[in-house]
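Visitor: Got a structure for you, written out below as structure tokens; questions coming shortly.
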Amino acid sequence: METATPKKVIFSAVQPSGTITLGNYLGAIKNWVTMQDDYRCIFALADLHTITVRQDPAAFRRHSLEAYALFLACGIDPKKNPFFLQSQVHTHAELAWILNCYTQFGELSRMTQFKDKSAKHADNINAGLFTYPSLMAADILLYQSDLVPVGADQKQHLELARNIAERFNGAYSPTFTVPEPYIPKVGAKIMSLQEPTRKMSKSDENANSYIAVLDKPDDILRKFKRAITDSEARVHFAPEKEGVNNLMGIYSSITGLTNEQIEVEFEGKGYGDFKVRVAEAVIEELRPVQERYSQLISDKEYLEQCYTEGAQQALSISIRTLNKVMKKIGFLPKKF
Ligand code: TRP
């Protein structure tokens with residue numbers, strides 16, 4: 001009899017710090033949704049990472065619940081794979097502490113995100129910001145993850161997680177799976193609508209530069225109409241036409257059309273028609289997500305049930321790794 005090969009484990013997490021943009025949706029979340037069937041997916045909201053920057057308690061609580069609901073609305077199915085809040089699974093903070101003792105000051109000092117963030121938050125360069133990558137390593141290594149989808153900004157952190165895993169495995173015996181970066185098959189990099197050489201970001205001060213997944217249709221239309229293009233007024237893909245390329249990328253990742261097909265569709269038409277059509281496609285794509293979201297967010301009990309079950313599953317998987325690690329290090333076994 002043929003034995004089924006076990007599914008590979010993918011771990012991913014995002015911070016629940018506010019608005020989720022069309023860039024997050026098309027670039028990451030949609031991929032998470034399609035990966036759910038082919039992989040064992042462990043997804044979390046990295047709320048412990050969020051407090052490396054000071055949070056207002058009420059807003060933080062609200063953002064966490066909203067983010068959780070929004071991911072479900074986008075199609076994350078908590079029945080298929082655990083989807084949980086990092087702070088509710090105690091193994092994360094515990095393994096992070098242990099891994100801190102296997103991570104060098106010099107390594108953490110070289111992390112470019114730490115350098116950037118400490119420049120940005122010069123009044124609060126806390127130790128959590130510094131050890132942020134060892135918590136991330138704990139997140140990944142607890143689940144014996146094979147793959148981690150990472151954007152450019154997290155690549156260095158994944159590399160560190162691999163080094164920590166190899167170091168621990170070498171010092172004791174094989175304990176952690178050494179994770180590989182996962183480059184999704186599809187997944188557009190969505191740029192700012194106002195400065196198309198920069199990534200679309202919710203932290204942009206100009207709200208016209210990004211589309212939030214929960215933006216109202218009128219706002220979406222208005223933002224696309226104002227999107228920066230160029231003076232050529234012809235819809236075609238060319239390296240220097242960043243604004244138009246970005247709109248084409250958005251349109252393509254929603255409709256599945258190639259650039260050539262998009263060029264044909266808009267032949268002889270100006271940017272006005274094109275922008276309206278892209279906006280309509282985005283509005284239609286987000287409509288069901290927004291509808292599901294408004295149902296979910298009013299059903300707190302259901303959300304609580306989902307994240308509780310997710311945390312329980314995540315705990316029962318991750319505790320095995322933590323126990324193994326503690327035993328190898330030489331902690332006395334717990335007898336309760
Ligand atoms: N630091 C990541 C971010 O802000 C989120 C994150 C936390 C993460 N733990 C992780 C991503 C583990 C991948 C794997 O984007």
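Just remember, in the structure tokens the first chain shown is A, the second B, etc., residues are 1-based per chain, and ligands are 1-based in the order shown.
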Dump as JSON lines the rows for residues of chain A within 7 Å of ligand 1: closest atom pair and distance in Å with one decimal, only C-alpha atoms and all ligand atoms counted, ordered by chain and rising residue number.
Guide:
{"residue": "A:Phe11", "atom": "CA", "partner": "ligand 1", "partner_atom_place_in_ligand_line": "14 (C)", "distance": 6.0}
{"residue": "A:Ser12", "atom": "CA", "partner": "ligand 1", "partner_atom_place_in_ligand_line": "13 (C)", "distance": 4.5}
{"residue": "A:Ala13", "atom": "CA", "partner": "ligand 1", "partner_atom_place_in_ligand_line": "8 (C)", "distance": 4.3}
{"residue": "A:Val14", "atom": "CA", "partner": "ligand 1", "partner_atom_place_in_ligand_line": "5 (C)", "distance": 4.3}
{"residue": "A:Gln15", "atom": "CA", "partner": "ligand 1", "partner_atom_place_in_ligand_line": "4 (O)", "distance": 5.4}
{"residue": "A:Ala46", "atom": "CA", "partner": "ligand 1", "partner_atom_place_in_ligand_line": "7 (C)", "distance": 5.0}
{"residue": "A:His49", "atom": "CA", "partner": "ligand 1", "partner_atom_place_in_ligand_line": "7 (C)", "distance": 6.5}
{"residue": "A:Leu135", "atom": "CA", "partner": "ligand 1", "partner_atom_place_in_ligand_line": "9 (N)", "distance": 7.0}
{"residue": "A:Met136", "atom": "CA", "partner": "ligand 1", "partner_atom_place_in_ligand_line": "9 (N)", "distance": 4.1}
{"residue": "A:Ala137", "atom": "CA", "partner": "ligand 1", "partner_atom_place_in_ligand_line": "12 (C)", "distance": 6.7}
{"residue": "A:Asp139", "atom": "CA", "partner": "ligand 1", "partner_atom_place_in_ligand_line": "12 (C)", "distance": 5.4}
{"residue": "A:Ile140", "atom": "CA", "partner": "ligand 1", "partner_atom_place_in_ligand_line": "12 (C)", "distance": 5.4}
{"residue": "A:Val148", "atom": "CA", "partner": "ligand 1", "partner_atom_place_in_ligand_line": "14 (C)", "distance": 6.1}
{"residue": "A:Pro149", "atom": "CA", "partner": "ligand 1", "partner_atom_place_in_ligand_line": "13 (C)", "distance": 6.8}
{"residue": "A:Val150", "atom": "CA", "partner": "ligand 1", "partner_atom_place_in_ligand_line": "13 (C)", "distance": 6.3}
{"residue": "A:Gln154", "atom": "CA", "partner": "ligand 1", "partner_atom_place_in_ligand_line": "15 (O)", "distance": 6.6}
Visitor: What are the closest atom pairs, with distances in Å to one decimal, for each residue of region 174-205 of chain A lying within 12 Å of region 310-321 of chain A, using only C-alpha atoms, rows by chain and rising residue number, as JSON lines?
Guide:
{"residue": "A:Pro174", "atom": "CA", "partner": "A:Thr321", "partner_atom": "CA", "distance": 11.5}
{"residue": "A:Thr175", "atom": "CA", "partner": "A:Thr321", "partner_atom": "CA", "distance": 7.8}
{"residue": "A:Phe176", "atom": "CA", "partner": "A:Thr321", "partner_atom": "CA", "distance": 8.0}
{"residue": "A:Thr177", "atom": "CA", "partner": "A:Thr321", "partner_atom": "CA", "distance": 10.5}
Visitor: My list of candidates is A:Asn81, A:Val213, A:Thr131, A:Pro57. Which is closest to Ala93 (chain A) when distances are computed with only C-alpha atoms?
Guide: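 Smallest separation from Ala93 (chain A) among the options: A:Thr131.
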Visitor: Please determine, counting only C-alpha atoms, which residue among A:Tyr132, A:Phe237, A:Tyr39, A:Phe83 has the shortest atom-to-atom distance to Leu160 (chain A).
Guide: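 Smallest separation from Leu160 (chain A) among the options: A:Tyr132.
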Visitor: When you look at Asn206 (chain A) with a cut-off of 10 Å (counting only C-alpha atoms), what residues show up, excluding the ones that are within fewer than 6 positions of it in the same chain? I need them as a PyMOL selection string.
Guide: chain A and resi 192-194
Visitor: Given the choices A:Asp56, A:Glu260, A:Asp77, A:Asp153, which gets closest to Ile29 (chain A) if the distance is worked out from only C-alpha atoms?
Guide: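 So, comparing all the options, the nearest one is A:Asp77.
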Visitor: Taking the DSSP assignment computed from this structure's backbone, write out as an mmCIF file with all heavy atoms, in the first residue's frame all residues of region 41-208 of chain A that belong to strand (DSSP E).
Guide:
data_model
loop_
_atom_site.group_PDB
_atom_site.id
_atom_site.type_symbol
_atom_site.label_atom_id
_atom_site.label_comp_id
_atom_site.auth_asym_id
_atom_site.auth_seq_id
_atom_site.Cartn_x
_atom_site.Cartn_y
_atom_site.Cartn_z
ATOM 1 N N CYS A 41 -0.725 24.211 7.251
ATOM 2 C CA CYS A 41 -0.442 25.633 7.464
ATOM 3 C C CYS A 41 -0.668 26.011 8.917
ATOM 4 O O CYS A 41 -1.718 25.727 9.480
ATOM 5 C CB CYS A 41 -1.343 26.499 6.599
ATOM 6 S SG CYS A 41 -1.053 26.282 4.849
ATOM 7 N N ILE A 42 0.298 26.632 9.497
ATOM 8 C CA ILE A 42 0.162 27.154 10.858
ATOM 9 C C ILE A 42 0.251 28.670 10.729
ATOM 10 O O ILE A 42 1.305 29.202 10.362
ATOM 11 C CB ILE A 42 1.303 26.652 11.778
ATOM 12 C CG1 ILE A 42 1.571 25.152 11.606
ATOM 13 C CG2 ILE A 42 1.044 27.042 13.219
ATOM 14 C CD1 ILE A 42 0.701 24.221 12.380
ATOM 15 N N PHE A 43 -0.871 29.346 10.985
ATOM 16 C CA PHE A 43 -0.920 30.799 10.816
ATOM 17 C C PHE A 43 -1.221 31.460 12.157
ATOM 18 O O PHE A 43 -2.071 30.989 12.911
ATOM 19 C CB PHE A 43 -2.028 31.194 9.836
ATOM 20 C CG PHE A 43 -1.780 30.746 8.419
ATOM 21 C CD1 PHE A 43 -2.847 30.325 7.630
ATOM 22 C CD2 PHE A 43 -0.506 30.750 7.869
ATOM 23 C CE1 PHE A 43 -2.642 29.915 6.317
ATOM 24 C CE2 PHE A 43 -0.296 30.346 6.556
ATOM 25 C CZ PHE A 43 -1.368 29.931 5.772
ATOM 26 N N ALA A 44 -0.537 32.554 12.400
ATOM 27 C CA ALA A 44 -0.745 33.246 13.672
ATOM 28 C C ALA A 44 -0.786 34.756 13.488
ATOM 29 O O ALA A 44 -0.258 35.292 12.515
ATOM 30 C CB ALA A 44 0.386 32.890 14.633
ATOM 31 N N LEU A 45 -1.411 35.402 14.429
ATOM 32 C CA LEU A 45 -1.279 36.852 14.538
ATOM 33 C C LEU A 45 -0.181 37.088 15.575
ATOM 34 O O LEU A 45 -0.301 36.639 16.728
ATOM 35 C CB LEU A 45 -2.590 37.496 14.989
ATOM 36 C CG LEU A 45 -3.755 37.399 13.995
ATOM 37 C CD1 LEU A 45 -4.981 38.132 14.545
ATOM 38 C CD2 LEU A 45 -3.378 37.981 12.630
ATOM 39 N N PHE A 83 -5.299 28.511 13.418
ATOM 40 C CA PHE A 83 -5.086 29.951 13.204
ATOM 41 C C PHE A 83 -5.315 30.608 14.562
ATOM 42 O O PHE A 83 -6.405 30.524 15.115
ATOM 43 C CB PHE A 83 -6.056 30.477 12.141
ATOM 44 C CG PHE A 83 -5.984 31.971 11.936
ATOM 45 C CD1 PHE A 83 -4.760 32.632 11.865
ATOM 46 C CD2 PHE A 83 -7.152 32.728 11.809
ATOM 47 C CE1 PHE A 83 -4.692 34.003 11.681
ATOM 48 C CE2 PHE A 83 -7.086 34.107 11.620
ATOM 49 C CZ PHE A 83 -5.861 34.737 11.554
ATOM 50 N N PHE A 84 -4.272 31.221 15.107
ATOM 51 C CA PHE A 84 -4.325 31.605 16.523
ATOM 52 C C PHE A 84 -3.585 32.904 16.797
ATOM 53 O O PHE A 84 -2.920 33.459 15.912
ATOM 54 C CB PHE A 84 -3.727 30.473 17.379
ATOM 55 C CG PHE A 84 -2.275 30.186 17.055
ATOM 56 C CD1 PHE A 84 -1.249 30.729 17.832
ATOM 57 C CD2 PHE A 84 -1.919 29.406 15.970
ATOM 58 C CE1 PHE A 84 0.093 30.492 17.532
ATOM 59 C CE2 PHE A 84 -0.584 29.156 15.655
ATOM 60 C CZ PHE A 84 0.419 29.703 16.439
ATOM 61 N N LEU A 85 -3.722 33.345 18.042
ATOM 62 C CA LEU A 85 -2.990 34.514 18.510
ATOM 63 C C LEU A 85 -1.751 34.026 19.270
ATOM 64 O O LEU A 85 -1.867 33.231 20.211
ATOM 65 C CB LEU A 85 -3.883 35.349 19.435
ATOM 66 C CG LEU A 85 -5.058 36.010 18.706
ATOM 67 C CD1 LEU A 85 -6.282 36.123 19.590
ATOM 68 C CD2 LEU A 85 -4.642 37.386 18.215
ATOM 69 N N LEU A 147 8.720 25.320 5.668
ATOM 70 C CA LEU A 147 8.720 26.484 4.783
ATOM 71 C C LEU A 147 8.139 27.713 5.472
ATOM 72 O O LEU A 147 7.201 27.602 6.268
ATOM 73 C CB LEU A 147 7.857 26.186 3.550
ATOM 74 C CG LEU A 147 8.312 25.028 2.665
ATOM 75 C CD1 LEU A 147 7.192 24.618 1.722
ATOM 76 C CD2 LEU A 147 9.555 25.410 1.881
ATOM 77 N N VAL A 148 8.693 28.861 5.127
ATOM 78 C CA VAL A 148 8.180 30.131 5.648
ATOM 79 C C VAL A 148 8.097 31.121 4.483
ATOM 80 O O VAL A 148 9.123 31.441 3.879
ATOM 81 C CB VAL A 148 9.107 30.718 6.744
ATOM 82 C CG1 VAL A 148 8.537 32.015 7.293
ATOM 83 C CG2 VAL A 148 9.316 29.717 7.869
ATOM 84 N N PRO A 149 6.882 31.550 4.129
ATOM 85 C CA PRO A 149 6.792 32.559 3.074
ATOM 86 C C PRO A 149 7.305 33.891 3.604
ATOM 87 O O PRO A 149 6.830 34.352 4.632
ATOM 88 C CB PRO A 149 5.285 32.649 2.766
ATOM 89 C CG PRO A 149 4.587 31.819 3.777
ATOM 90 C CD PRO A 149 5.581 31.201 4.699
ATOM 91 N N GLU A 180 13.083 26.518 5.235
ATOM 92 C CA GLU A 180 13.500 27.140 3.958
ATOM 93 C C GLU A 180 12.553 28.302 3.654
ATOM 94 O O GLU A 180 11.381 28.246 4.004
ATOM 95 C CB GLU A 180 13.328 26.148 2.796
ATOM 96 C CG GLU A 180 14.045 24.835 2.944
ATOM 97 C CD GLU A 180 15.501 24.934 2.542
ATOM 98 O OE1 GLU A 180 15.859 25.906 1.856
ATOM 99 O OE2 GLU A 180 16.270 24.041 2.944
ATOM 100 N N PRO A 181 13.061 29.294 2.940
ATOM 101 C CA PRO A 181 12.130 30.347 2.492
ATOM 102 C C PRO A 181 11.200 29.794 1.419
ATOM 103 O O PRO A 181 11.610 28.934 0.640
ATOM 104 C CB PRO A 181 13.043 31.422 1.899
ATOM 105 C CG PRO A 181 14.335 30.749 1.615
ATOM 106 C CD PRO A 181 14.442 29.557 2.523
ATOM 107 N N TYR A 182 9.979 30.240 1.422
ATOM 108 C CA TYR A 182 9.010 29.793 0.434
ATOM 109 C C TYR A 182 8.668 30.974 -0.459
ATOM 110 O O TYR A 182 8.230 32.020 0.013
ATOM 111 C CB TYR A 182 7.752 29.280 1.139
ATOM 112 C CG TYR A 182 6.608 28.950 0.221
ATOM 113 C CD1 TYR A 182 6.571 27.726 -0.455
ATOM 114 C CD2 TYR A 182 5.543 29.840 0.030
ATOM 115 C CE1 TYR A 182 5.515 27.411 -1.294
ATOM 116 C CE2 TYR A 182 4.483 29.523 -0.803
ATOM 117 C CZ TYR A 182 4.470 28.312 -1.458
ATOM 118 O OH TYR A 182 3.416 27.998 -2.284
#
Visitor: Kindly indicate which residue among A:Gly256, A:Gly106, A:Pro133, A:Pro239 lies nearest to Glu159 (chain A), using only C-alpha atoms for the distances.
Guide: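 With only C-alpha atoms as the atom set, the closest residue is A:Pro133.
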Visitor: What does the distance from CA of Arg234 (chain A) to CA of Asp273 (chain A) come to in Å, to one decimal?
Guide: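 We find that CA of Arg234 (chain A) and CA of Asp273 (chain A) lie 11.0 Å from each other.
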Visitor: Write out as a PDB file with all heavy atoms, in the first residue's frame which residues come within 10 Å of Val235 (chain A) when counting only C-alpha atoms, dropping same-chain ones fewer than 4 positions away.
Guide:
ATOM      1  N   THR A 229      -0.018  58.147 -12.605  1.00  0.00           N
ATOM      2  CA  THR A 229       0.358  57.382 -13.803  1.00  0.00           C
ATOM      3  C   THR A 229       1.487  58.139 -14.513  1.00  0.00           C
ATOM      4  O   THR A 229       2.496  58.434 -13.901  1.00  0.00           O
ATOM      5  CB  THR A 229      -0.860  57.154 -14.726  1.00  0.00           C
ATOM      6  OG1 THR A 229      -1.598  58.367 -14.843  1.00  0.00           O
ATOM      7  CG2 THR A 229      -1.758  56.059 -14.179  1.00  0.00           C
ATOM      8  N   LYS A 241       7.262  52.908 -16.473  1.00  0.00           N
ATOM      9  CA  LYS A 241       5.882  53.320 -16.187  1.00  0.00           C
ATOM     10  C   LYS A 241       5.400  52.649 -14.888  1.00  0.00           C
ATOM     11  O   LYS A 241       4.481  51.811 -14.897  1.00  0.00           O
ATOM     12  CB  LYS A 241       4.970  52.926 -17.361  1.00  0.00           C
ATOM     13  CG  LYS A 241       5.213  53.761 -18.634  1.00  0.00           C
ATOM     14  CD  LYS A 241       4.554  53.126 -19.839  1.00  0.00           C
ATOM     15  CE  LYS A 241       3.046  53.227 -19.843  1.00  0.00           C
ATOM     16  NZ  LYS A 241       2.560  54.563 -20.235  1.00  0.00           N
ATOM     17  N   VAL A 244       1.513  52.799 -13.950  1.00  0.00           N
ATOM     18  CA  VAL A 244       0.677  51.976 -14.823  1.00  0.00           C
ATOM     19  C   VAL A 244       0.973  50.488 -14.585  1.00  0.00           C
ATOM     20  O   VAL A 244       0.052  49.662 -14.498  1.00  0.00           O
ATOM     21  CB  VAL A 244       0.889  52.361 -16.311  1.00  0.00           C
ATOM     22  CG1 VAL A 244       0.216  51.363 -17.245  1.00  0.00           C
ATOM     23  CG2 VAL A 244       0.339  53.761 -16.551  1.00  0.00           C
ATOM     24  N   ASN A 245       2.248  50.155 -14.449  1.00  0.00           N
ATOM     25  CA  ASN A 245       2.605  48.755 -14.179  1.00  0.00           C
ATOM     26  C   ASN A 245       1.914  48.246 -12.921  1.00  0.00           C
ATOM     27  O   ASN A 245       1.441  47.114 -12.875  1.00  0.00           O
ATOM     28  CB  ASN A 245       4.114  48.607 -13.959  1.00  0.00           C
ATOM     29  CG  ASN A 245       4.922  48.989 -15.176  1.00  0.00           C
ATOM     30  OD1 ASN A 245       4.364  49.166 -16.257  1.00  0.00           O
ATOM     31  ND2 ASN A 245       6.227  49.120 -15.001  1.00  0.00           N
ATOM     32  N   LEU A 247      -0.898  49.362 -11.561  1.00  0.00           N
ATOM     33  CA  LEU A 247      -2.333  49.170 -11.807  1.00  0.00           C
ATOM     34  C   LEU A 247      -2.567  47.895 -12.619  1.00  0.00           C
ATOM     35  O   LEU A 247      -3.506  47.143 -12.369  1.00  0.00           O
ATOM     36  CB  LEU A 247      -2.929  50.387 -12.531  1.00  0.00           C
ATOM     37  CG  LEU A 247      -2.885  51.709 -11.761  1.00  0.00           C
ATOM     38  CD1 LEU A 247      -3.471  52.847 -12.594  1.00  0.00           C
ATOM     39  CD2 LEU A 247      -3.625  51.606 -10.437  1.00  0.00           C
ATOM     40  N   MET A 248      -1.678  47.657 -13.581  1.00  0.00           N
ATOM     41  CA  MET A 248      -1.798  46.428 -14.377  1.00  0.00           C
ATOM     42  C   MET A 248      -1.582  45.200 -13.492  1.00  0.00           C
ATOM     43  O   MET A 248      -2.284  44.197 -13.627  1.00  0.00           O
ATOM     44  CB  MET A 248      -0.784  46.423 -15.534  1.00  0.00           C
ATOM     45  CG  MET A 248      -1.136  47.424 -16.625  1.00  0.00           C
ATOM     46  SD  MET A 248       0.121  47.506 -17.937  1.00  0.00           S
ATOM     47  CE  MET A 248      -0.274  46.065 -18.913  1.00  0.00           C
ATOM     48  N   ASN A 259      -0.385  40.670 -19.015  1.00  0.00           N
ATOM     49  CA  ASN A 259      -0.188  42.062 -19.439  1.00  0.00           C
ATOM     50  C   ASN A 259      -0.621  42.277 -20.884  1.00  0.00           C
ATOM     51  O   ASN A 259      -1.226  43.300 -21.216  1.00  0.00           O
ATOM     52  CB  ASN A 259       1.275  42.461 -19.273  1.00  0.00           C
ATOM     53  CG  ASN A 259       1.625  42.682 -17.814  1.00  0.00           C
ATOM     54  OD1 ASN A 259       0.744  42.958 -16.994  1.00  0.00           O
ATOM     55  ND2 ASN A 259       2.900  42.554 -17.489  1.00  0.00           N
ATOM     56  N   ILE A 262      -4.281  42.550 -21.101  1.00  0.00           N
ATOM     57  CA  ILE A 262      -4.746  43.833 -20.557  1.00  0.00           C
ATOM     58  C   ILE A 262      -4.497  44.942 -21.584  1.00  0.00           C
ATOM     59  O   ILE A 262      -5.365  45.796 -21.822  1.00  0.00           O
ATOM     60  CB  ILE A 262      -4.029  44.145 -19.221  1.00  0.00           C
ATOM     61  CG1 ILE A 262      -4.386  43.085 -18.177  1.00  0.00           C
ATOM     62  CG2 ILE A 262      -4.398  45.532 -18.720  1.00  0.00           C
ATOM     63  CD1 ILE A 262      -3.590  43.175 -16.869  1.00  0.00           C
ATOM     64  N   GLU A 263      -3.350  44.896 -22.235  1.00  0.00           N
ATOM     65  CA  GLU A 263      -3.048  45.905 -23.259  1.00  0.00           C
ATOM     66  C   GLU A 263      -4.105  45.873 -24.364  1.00  0.00           C
ATOM     67  O   GLU A 263      -4.577  46.914 -24.826  1.00  0.00           O
ATOM     68  CB  GLU A 263      -1.646  45.660 -23.844  1.00  0.00           C
ATOM     69  CG  GLU A 263      -0.560  46.059 -22.858  1.00  0.00           C
ATOM     70  CD  GLU A 263       0.849  45.588 -23.251  1.00  0.00           C
ATOM     71  OE1 GLU A 263       1.022  45.042 -24.362  1.00  0.00           O
ATOM     72  OE2 GLU A 263       1.772  45.775 -22.434  1.00  0.00           O
ATOM     73  N   VAL A 264      -4.484  44.666 -24.768  1.00  0.00           N
ATOM     74  CA  VAL A 264      -5.518  44.539 -25.817  1.00  0.00           C
ATOM     75  C   VAL A 264      -6.847  45.107 -25.324  1.00  0.00           C
ATOM     76  O   VAL A 264      -7.510  45.879 -26.026  1.00  0.00           O
ATOM     77  CB  VAL A 264      -5.681  43.057 -26.244  1.00  0.00           C
ATOM     78  CG1 VAL A 264      -6.882  42.893 -27.175  1.00  0.00           C
ATOM     79  CG2 VAL A 264      -4.401  42.551 -26.911  1.00  0.00           C
ATOM     80  N   GLU A 265      -7.207  44.760 -24.098  1.00  0.00           N
ATOM     81  CA  GLU A 265      -8.498  45.226 -23.571  1.00  0.00           C
ATOM     82  C   GLU A 265      -8.603  46.757 -23.570  1.00  0.00           C
ATOM     83  O   GLU A 265      -9.673  47.311 -23.821  1.00  0.00           O
ATOM     84  CB  GLU A 265      -8.719  44.688 -22.147  1.00  0.00           C
ATOM     85  CG  GLU A 265     -10.053  45.127 -21.558  1.00  0.00           C
ATOM     86  CD  GLU A 265     -10.334  44.575 -20.150  1.00  0.00           C
ATOM     87  OE1 GLU A 265      -9.682  43.603 -19.722  1.00  0.00           O
ATOM     88  OE2 GLU A 265     -11.234  45.152 -19.500  1.00  0.00           O
ATOM     89  N   PHE A 266      -7.483  47.415 -23.324  1.00  0.00           N
ATOM     90  CA  PHE A 266      -7.545  48.880 -23.199  1.00  0.00           C
ATOM     91  C   PHE A 266      -6.946  49.625 -24.390  1.00  0.00           C
ATOM     92  O   PHE A 266      -6.673  50.826 -24.295  1.00  0.00           O
ATOM     93  CB  PHE A 266      -6.895  49.315 -21.875  1.00  0.00           C
ATOM     94  CG  PHE A 266      -7.675  48.830 -20.694  1.00  0.00           C
ATOM     95  CD1 PHE A 266      -7.294  47.683 -20.027  1.00  0.00           C
ATOM     96  CD2 PHE A 266      -8.848  49.484 -20.296  1.00  0.00           C
ATOM     97  CE1 PHE A 266      -8.038  47.197 -18.963  1.00  0.00           C
ATOM     98  CE2 PHE A 266      -9.597  49.009 -19.234  1.00  0.00           C
ATOM     99  CZ  PHE A 266      -9.192  47.853 -18.569  1.00  0.00           C
ATOM    100  N   GLU A 267      -6.781  48.933 -25.475  1.00  0.00           N
ATOM    101  CA  GLU A 267      -6.247  49.587 -26.660  1.00  0.00           C
ATOM    102  C   GLU A 267      -7.164  50.742 -27.088  1.00  0.00           C
ATOM    103  O   GLU A 267      -8.389  50.585 -27.118  1.00  0.00           O
ATOM    104  CB  GLU A 267      -6.159  48.569 -27.800  1.00  0.00           C
ATOM    105  CG  GLU A 267      -4.944  48.796 -28.673  1.00  0.00           C
ATOM    106  CD  GLU A 267      -4.806  47.698 -29.708  1.00  0.00           C
ATOM    107  OE1 GLU A 267      -4.452  46.571 -29.312  1.00  0.00           O
ATOM    108  OE2 GLU A 267      -5.097  47.986 -30.867  1.00  0.00           O
ATOM    109  N   GLY A 268      -6.572  51.875 -27.349  1.00  0.00           N
ATOM    110  CA  GLY A 268      -7.357  53.030 -27.781  1.00  0.00           C
ATOM    111  C   GLY A 268      -8.102  53.726 -26.656  1.00  0.00           C
ATOM    112  O   GLY A 268      -8.825  54.693 -26.882  1.00  0.00           O
ATOM    113  N   LYS A 269      -7.936  53.222 -25.440  1.00  0.00           N
ATOM    114  CA  LYS A 269      -8.611  53.878 -24.315  1.00  0.00           C
ATOM    115  C   LYS A 269      -7.578  54.599 -23.453  1.00  0.00           C
ATOM    116  O   LYS A 269      -6.412  54.215 -23.416  1.00  0.00           O
ATOM    117  CB  LYS A 269      -9.330  52.844 -23.458  1.00  0.00           C
ATOM    118  CG  LYS A 269     -10.409  52.090 -24.235  1.00  0.00           C
ATOM    119  CD  LYS A 269     -11.435  51.494 -23.292  1.00  0.00           C
ATOM    120  CE  LYS A 269     -12.550  50.821 -24.066  1.00  0.00           C
ATOM    121  NZ  LYS A 269     -12.505  49.372 -23.931  1.00  0.00           N
ATOM    122  N   GLY A 270      -8.026  55.618 -22.765  1.00  0.00           N
ATOM    123  CA  GLY A 270      -7.111  56.396 -21.912  1.00  0.00           C
ATOM    124  C   GLY A 270      -7.025  55.804 -20.510  1.00  0.00           C
ATOM    125  O   GLY A 270      -7.640  54.788 -20.205  1.00  0.00           O
ATOM    126  N   TYR A 271      -6.259  56.496 -19.666  1.00  0.00           N
ATOM    127  CA  TYR A 271      -6.097  56.027 -18.292  1.00  0.00           C
ATOM    128  C   TYR A 271      -7.391  56.136 -17.488  1.00  0.00           C
ATOM    129  O   TYR A 271      -7.590  55.396 -16.530  1.00  0.00           O
ATOM    130  CB  TYR A 271      -4.988  56.821 -17.583  1.00  0.00           C
ATOM    131  CG  TYR A 271      -3.595  56.522 -18.088  1.00  0.00           C
ATOM    132  CD1 TYR A 271      -2.589  57.476 -17.986  1.00  0.00           C
ATOM    133  CD2 TYR A 271      -3.298  55.287 -18.654  1.00  0.00           C
ATOM    134  CE1 TYR A 271      -1.308  57.208 -18.432  1.00  0.00           C
ATOM    135  CE2 TYR A 271      -2.014  55.018 -19.107  1.00  0.00           C
ATOM    136  CZ  TYR A 271      -1.021  55.980 -19.001  1.00  0.00           C
ATOM    137  OH  TYR A 271       0.237  55.715 -19.433  1.00  0.00           O
ATOM    138  N   PHE A 274      -9.314  53.024 -17.829  1.00  0.00           N
ATOM    139  CA  PHE A 274      -8.524  51.945 -17.218  1.00  0.00           C
ATOM    140  C   PHE A 274      -8.633  51.975 -15.689  1.00  0.00           C
ATOM    141  O   PHE A 274      -8.919  50.972 -15.042  1.00  0.00           O
ATOM    142  CB  PHE A 274      -7.060  52.095 -17.670  1.00  0.00           C
ATOM    143  CG  PHE A 274      -6.101  51.114 -17.071  1.00  0.00           C
ATOM    144  CD1 PHE A 274      -6.361  49.744 -17.103  1.00  0.00           C
ATOM    145  CD2 PHE A 274      -4.916  51.553 -16.492  1.00  0.00           C
ATOM    146  CE1 PHE A 274      -5.458  48.833 -16.558  1.00  0.00           C
ATOM    147  CE2 PHE A 274      -4.009  50.648 -15.949  1.00  0.00           C
ATOM    148  CZ  PHE A 274      -4.286  49.298 -15.978  1.00  0.00           C
TER     149      PHE A 274
END
Visitor: Using only C-alpha atoms for the distances, tell me which of A:Ala281, A:Leu72, A:Leu322, A:Ile211 is nearest to Leu141 (chain A).
Guide: A:Leu322
Visitor: With only C-alpha atoms as the atoms that count, which of A:Gly330, A:Gly18, A:Pro217, A:Gly75 lies nearest to Ile283 (chain A)?
Guide: A:Pro217
Visitor: List as a PyMOL selection string the protein and nucleic acid residues near Asp218 (chain A), meaning an atom at most 12 Å away when only C-alpha atoms are counted, but skip any in the same chain fewer than 2 places from it.
Guide: chain A and resi 211+214-216+220-225+276+279-280+282-283
Visitor: Go ahead and compute the interatomic distance for CA of Glu94 (chain A) and CA of Ala119 (chain A), in Å to one decimal.
Guide: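 So the two atoms, CA of Glu94 (chain A) and CA of Ala119 (chain A), lie 28.4 Å apart.
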Visitor: Could you tell me, as an MDAnalysis selection string, which residues of region 82-279 of chain A DSSP assigns to alpha helix (DSSP H) when given the backbone?
Guide: chainID A and resid 91:100 105:109 112:120 127:141 155:171 217:225 242:255 259:265 271:279
Visitor: So what do you get for CA of Thr50 (chain A) versus CA of His90 (chain A), distance-wise?
Guide: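 Going from CA of Thr50 (chain A) over to CA of His90 (chain A) covers 16.0 Å.
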Visitor: Show me, as a list in words, the residues that have an atom within 10 Å of Glu195 (chain A) when counting only C-alpha atoms, minus same-chain residues fewer than 2 positions from it.
Guide: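 Everything that qualifies: Met191, Ser192, Leu193, Thr197, Arg198, Lys199, Met200, Ser209, Ala227, Ile228, Thr229, Glu242 and Gly243 of chain A.
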